[in-house]
Amino acid sequence: MYKKSILILFFFLLTVAGISRGHLNIDSIFFNPSYYQLRLDSLYLGQYRQALKGHEQENSQMLATALPGLRSLTENQITQQVSEMNSVIRVGYTPKVREFIDVFLFKKPEASCLLLTLANHYVPLFQSIFDKYNIPHELAYLPSVISAFNPGASSMYGSSGIWNIMYISGKLYKLEINSMVDERRNYEKSTDAAARQFRDFFAIYQDWTLALTAYIVGPAVVNKAIRRANGKTDFWSLYPFLPSETRDYLPAYMAMTYFVNYHNQFNLKPLQADLPFATDTVCIRKELHLRQVSKVLDIPMPVLRDLNTQYKHDILPAGPKICILNLPVSYGDKFRLLKDSIFRYKDSVILASRQSTITFPMATFTHDESRSGSGKNQVYHTVRSGETLGSISAKYHVTVADIKSWNHMKSTTLRVGQQLLLYTSAKAGSHPSSMNK
């Protein structure tokens with residue numbers, strides 16, 4: 001009886017997490033083919049633009065070779081190919097799925113091929129974890145839709161990481177989430193948590209389509225949709241009763257599954273890109289800031305942040321516990337050789353002088369001390385949907401160049417939920433935090 005009560009409580013908490021997932025993911029509010037196309041644009045033209053820069057000729061040549069095959073592709077061929085796909089997710093071919101296939105094949109084939117590049121790295125790792133829980137391998141491609149394989153993805157309402165996990169779900173599945181560390185952004189630990197959640201939802205529904213739907217919109221929403229559909233459980237019967245902001249994730253996932261299965265037939269291949277996929281790991285036993293590593297080893301901060309996204313303020317809070325530092329593979333031995341110099345580098349300035357581990361004064365590290373904001377109020381601004389560097393600079397009466405300098409930004413690309421360090425000339429008596437509301 002006690003065990004049964006515990007299970008009921010556990011699935012109740014999963015349901016609460018699902019409700020949060022279904023209604024509070026800001027990225028999902030706009031999710032539809034047009035929004036996803038914009039997300040792919042941002043991926044290709046913004047986030048990975050520099051990594052692709054040295055391979056423009058070979059990537060353009062590959063895309064040009066694929067064009068004749070894409071132009072000759074007919075509706076009947078696509079319908080036949082989708083029907084022949086061996087998938088545990090039963091969504092089928094519909095006009096909505098076709099809209100997403102159009103995005104992958106015809107509107108953004110270059111960005112779709114970039115997703116293949118990322119998938120070639122992440123998916124085998126995900127599938128090795130899925131094997132422990134008997135999860136279908138094809139579900140490893142879900143992050144291509146929900147996060148574009150970005151471990152640092154987040155929303156202003158609490159979902160985070162490559163698997164878009166809500167806070168309560170992360171806690172239920174024993175991920176460390178606190179002011180310093182967020183393991184939802186650790187791709188191995190978050191994948192293990194996602195796999196366990198898939199397993200638990202399948203145990204409820206005994207159907208992978210419903211299990212995946214529950215993962216995306218929440219089991220409470222799925223159960224309500226089934227009741228409103230008079231007991232029907234196929235996806236398209238439930239579709240009108242699912243939240244409009246999240247229900248298109250499955251058609252998009254189905255289109256991605258189609259693209260993965262058939263891209264070779266159209267001569268579409270993963271893009272060539274300079275990405276630090278090969279990594280080395282180092283065990284850290286005392287507190288360390290990523291900027292200490294960056295300065296001594298001459299590794300760009302964006303590279304270190306991308307490899308260590310679980311550390312929310314660039315600080316590894318080692319001490320009682322060991323923290324893992326991920327480095328580009330060629331830097332592991334160099335770190336070990338220069339370890340003492342790294343820990344000593346401005347340690348009194350970087351670690352000891354900060355008032356708290358959350359409001360660390362990053363401007364200490366700028367080369368241009370005139371931009372450090374001396375004599376001004378330090379403010380952290382959380383980026384909201386629709387904001388740009390221009391609108392934020394106008395709000396705080398600073399320049400775009402200042403914001404980029406204070407936050408070590410190489411581009412003007414922002415993401416929802418991102419925190420920006422600002423120095424403002426707010427008058428005495430005004431509270432900096434009030435400017436963030």
# chains A, B, ... in the order shown; residues from 1 in each chain; ligands from 1

call {"tool": "closest_atom_pairs", "arguments": {"of": "segment 381-432 of chain A", "to": "segment 145-154 of chain A", "cutoff": "10 Å", "atoms": "only C-alpha atoms", "output": "Markdown table"}}
result
| residue | atom | partner | partner_atom | distance |
| --- | --- | --- | --- | --- |
| A:Arg415 | CA | A:Ser154 | CA | 8.1 |
| A:Val416 | CA | A:Ser154 | CA | 7.0 |
| A:Gly417 | CA | A:Ser154 | CA | 6.2 |
| A:Gln418 | CA | A:Ser154 | CA | 8.0 |

call {"tool": "write_last_selection", "arguments": {"atoms": "C-alpha atoms", "output": "short mmCIF file (atom, residue, chain, number, x, y, z; two decimals), in the first residue's frame"}}
result
data_model
loop_
_atom_site.label_atom_id
_atom_site.label_comp_id
_atom_site.auth_asym_id
_atom_site.auth_seq_id
_atom_site.Cartn_x
_atom_site.Cartn_y
_atom_site.Cartn_z
CA ARG A 415 18.74 34.13 -26.68
CA VAL A 416 15.68 34.31 -24.46
CA GLY A 417 16.70 33.91 -20.82
CA GLN A 418 20.30 35.01 -21.41
#

call {"tool": "residues_around", "arguments": {"residues": "Leu288 of chain A", "least_positions_apart": "6", "cutoff": "8 Å", "atoms": "only C-alpha atoms", "output": "PyMOL selection string"}}
result
chain A and resi 315-318+343+351

call {"tool": "closest_residue", "arguments": {"among": "A:Val181, A:Val293, A:Leu422, A:Leu210", "to": "Arg90 of chain A", "atoms": "only C-alpha atoms"}}
result
A:Leu210

call {"tool": "residues_around", "arguments": {"residues": "Ser42 of chain A", "least_positions_apart": "6", "cutoff": "10 Å", "atoms": "only C-alpha atoms", "output": "PDB file with N, CA and C atoms, in the first residue's frame"}}
result
ATOM      1  N   TYR A  36       9.946  27.730 -36.687  1.00  0.00           N
ATOM      2  CA  TYR A  36      11.065  26.790 -36.757  1.00  0.00           C
ATOM      3  C   TYR A  36      12.039  27.191 -37.855  1.00  0.00           C
ATOM      4  N   TYR A  48      26.358  29.268 -35.483  1.00  0.00           N
ATOM      5  CA  TYR A  48      27.462  28.489 -36.059  1.00  0.00           C
ATOM      6  C   TYR A  48      28.094  29.154 -37.278  1.00  0.00           C
ATOM      7  N   ARG A  49      27.838  30.414 -37.448  1.00  0.00           N
ATOM      8  CA  ARG A  49      28.346  31.106 -38.645  1.00  0.00           C
ATOM      9  C   ARG A  49      29.869  31.060 -38.718  1.00  0.00           C
ATOM     10  N   ALA A 111      20.606  24.682 -43.369  1.00  0.00           N
ATOM     11  CA  ALA A 111      20.487  24.561 -41.919  1.00  0.00           C
ATOM     12  C   ALA A 111      20.141  23.132 -41.519  1.00  0.00           C
ATOM     13  N   THR A 413      23.769  38.431 -31.544  1.00  0.00           N
ATOM     14  CA  THR A 413      22.753  37.407 -31.345  1.00  0.00           C
ATOM     15  C   THR A 413      22.437  37.233 -29.860  1.00  0.00           C
ATOM     16  N   LEU A 414      21.149  37.225 -29.516  1.00  0.00           N
ATOM     17  CA  LEU A 414      20.705  37.014 -28.140  1.00  0.00           C
ATOM     18  C   LEU A 414      19.803  35.799 -28.076  1.00  0.00           C
ATOM     19  N   ARG A 415      19.694  35.210 -26.887  1.00  0.00           N
ATOM     20  CA  ARG A 415      18.737  34.127 -26.684  1.00  0.00           C
ATOM     21  C   ARG A 415      17.860  34.469 -25.490  1.00  0.00           C
TER      22      ARG A 415
END

call {"tool": "closest_residue", "arguments": {"among": "A:Gln292, A:Gln419, A:Thr424, A:Thr281", "to": "Asp340 of chain A", "atoms": "only C-alpha atoms"}}
result
A:Gln292

call {"tool": "closest_residue", "arguments": {"among": "A:Leu67, A:Pro302, A:Asn32, A:Ser341", "to": "Gln265 of chain A", "atoms": "only C-alpha atoms"}}
result
A:Leu67

call {"tool": "select_by_dssp", "arguments": {"residues": "segment 43-207 of chain A", "states": "helix (DSSP H, G or I)", "output": "number ranges by chain"}}
result
A: 43-47, 49-71, 75-84, 95-107, 109-133, 137-141, 143-146, 167-172, 183-185, 187-205

call {"tool": "residues_around", "arguments": {"residues": "Phe106 of chain A", "least_positions_apart": "3", "cutoff": "12 Å", "atoms": "only C-alpha atoms", "output": "ChimeraX atom specification"}}
result
/A:37,63,66-73,98-103,109-113,259,263,266,268

call {"tool": "write_last_selection", "arguments": {"atoms": "N, CA and C atoms", "output": "mmCIF file, in the first residue's frame"}}
result
data_model
loop_
_atom_site.group_PDB
_atom_site.id
_atom_site.type_symbol
_atom_site.label_atom_id
_atom_site.label_comp_id
_atom_site.auth_asym_id
_atom_site.auth_seq_id
_atom_site.Cartn_x
_atom_site.Cartn_y
_atom_site.Cartn_z
ATOM 1 N N GLN A 37 11.501 27.727 -38.948
ATOM 2 C CA GLN A 37 12.369 28.210 -40.028
ATOM 3 C C GLN A 37 13.252 29.350 -39.524
ATOM 4 N N LEU A 63 25.486 21.514 -51.627
ATOM 5 C CA LEU A 63 24.088 21.944 -51.750
ATOM 6 C C LEU A 63 23.688 22.106 -53.208
ATOM 7 N N ALA A 66 22.861 18.826 -54.725
ATOM 8 C CA ALA A 66 21.584 18.254 -54.270
ATOM 9 C C ALA A 66 20.378 18.885 -54.948
ATOM 10 N N LEU A 67 20.510 20.094 -55.470
ATOM 11 C CA LEU A 67 19.353 20.816 -56.000
ATOM 12 C C LEU A 67 18.574 20.060 -57.081
ATOM 13 N N PRO A 68 19.230 19.453 -58.073
ATOM 14 C CA PRO A 68 18.452 18.748 -59.106
ATOM 15 C C PRO A 68 17.548 17.660 -58.524
ATOM 16 N N GLY A 69 18.052 16.893 -57.572
ATOM 17 C CA GLY A 69 17.238 15.847 -56.966
ATOM 18 C C GLY A 69 16.071 16.401 -56.188
ATOM 19 N N LEU A 70 16.271 17.530 -55.515
ATOM 20 C CA LEU A 70 15.185 18.139 -54.744
ATOM 21 C C LEU A 70 14.103 18.688 -55.679
ATOM 22 N N ARG A 71 14.535 19.273 -56.783
ATOM 23 C CA ARG A 71 13.559 19.858 -57.719
ATOM 24 C C ARG A 71 12.693 18.795 -58.380
ATOM 25 N N SER A 72 13.244 17.599 -58.513
ATOM 26 C CA SER A 72 12.484 16.532 -59.181
ATOM 27 C C SER A 72 11.616 15.730 -58.212
ATOM 28 N N LEU A 73 11.704 16.020 -56.920
ATOM 29 C CA LEU A 73 10.947 15.276 -55.919
ATOM 30 C C LEU A 73 9.466 15.622 -56.016
ATOM 31 N N ARG A 98 4.014 17.823 -43.910
ATOM 32 C CA ARG A 98 4.574 18.290 -45.178
ATOM 33 C C ARG A 98 5.144 19.717 -45.044
ATOM 34 N N GLU A 99 4.491 20.568 -44.244
ATOM 35 C CA GLU A 99 5.000 21.922 -44.046
ATOM 36 C C GLU A 99 6.411 21.900 -43.451
ATOM 37 N N PHE A 100 6.629 21.001 -42.495
ATOM 38 C CA PHE A 100 7.956 20.906 -41.886
ATOM 39 C C PHE A 100 8.958 20.237 -42.829
ATOM 40 N N ILE A 101 8.499 19.277 -43.620
ATOM 41 C CA ILE A 101 9.388 18.677 -44.615
ATOM 42 C C ILE A 101 9.838 19.740 -45.615
ATOM 43 N N ASP A 102 8.926 20.634 -45.986
ATOM 44 C CA ASP A 102 9.290 21.734 -46.891
ATOM 45 C C ASP A 102 10.394 22.603 -46.290
ATOM 46 N N VAL A 103 10.311 22.840 -44.975
ATOM 47 C CA VAL A 103 11.351 23.636 -44.312
ATOM 48 C C VAL A 103 12.699 22.930 -44.412
ATOM 49 N N PRO A 109 17.584 23.921 -46.558
ATOM 50 C CA PRO A 109 18.380 22.686 -46.638
ATOM 51 C C PRO A 109 19.768 22.843 -46.031
ATOM 52 N N GLU A 110 20.345 24.066 -46.103
ATOM 53 C CA GLU A 110 21.672 24.271 -45.528
ATOM 54 C C GLU A 110 21.646 24.141 -44.007
ATOM 55 N N ALA A 111 20.606 24.682 -43.369
ATOM 56 C CA ALA A 111 20.487 24.561 -41.919
ATOM 57 C C ALA A 111 20.141 23.132 -41.519
ATOM 58 N N SER A 112 19.347 22.453 -42.342
ATOM 59 C CA SER A 112 19.020 21.050 -42.074
ATOM 60 C C SER A 112 20.278 20.193 -42.102
ATOM 61 N N CYS A 113 21.164 20.488 -43.037
ATOM 62 C CA CYS A 113 22.427 19.735 -43.115
ATOM 63 C C CYS A 113 23.327 20.054 -41.925
ATOM 64 N N PHE A 259 13.707 13.348 -42.896
ATOM 65 C CA PHE A 259 14.934 13.928 -43.443
ATOM 66 C C PHE A 259 16.143 13.049 -43.125
ATOM 67 N N HIS A 263 17.840 11.785 -46.583
ATOM 68 C CA HIS A 263 18.667 12.879 -47.083
ATOM 69 C C HIS A 263 19.742 12.396 -48.066
ATOM 70 N N PHE A 266 18.956 12.489 -51.754
ATOM 71 C CA PHE A 266 18.952 13.792 -52.417
ATOM 72 C C PHE A 266 20.354 14.404 -52.447
ATOM 73 N N LEU A 268 22.097 15.266 -49.987
ATOM 74 C CA LEU A 268 22.279 16.210 -48.892
ATOM 75 C C LEU A 268 23.113 15.547 -47.805
#
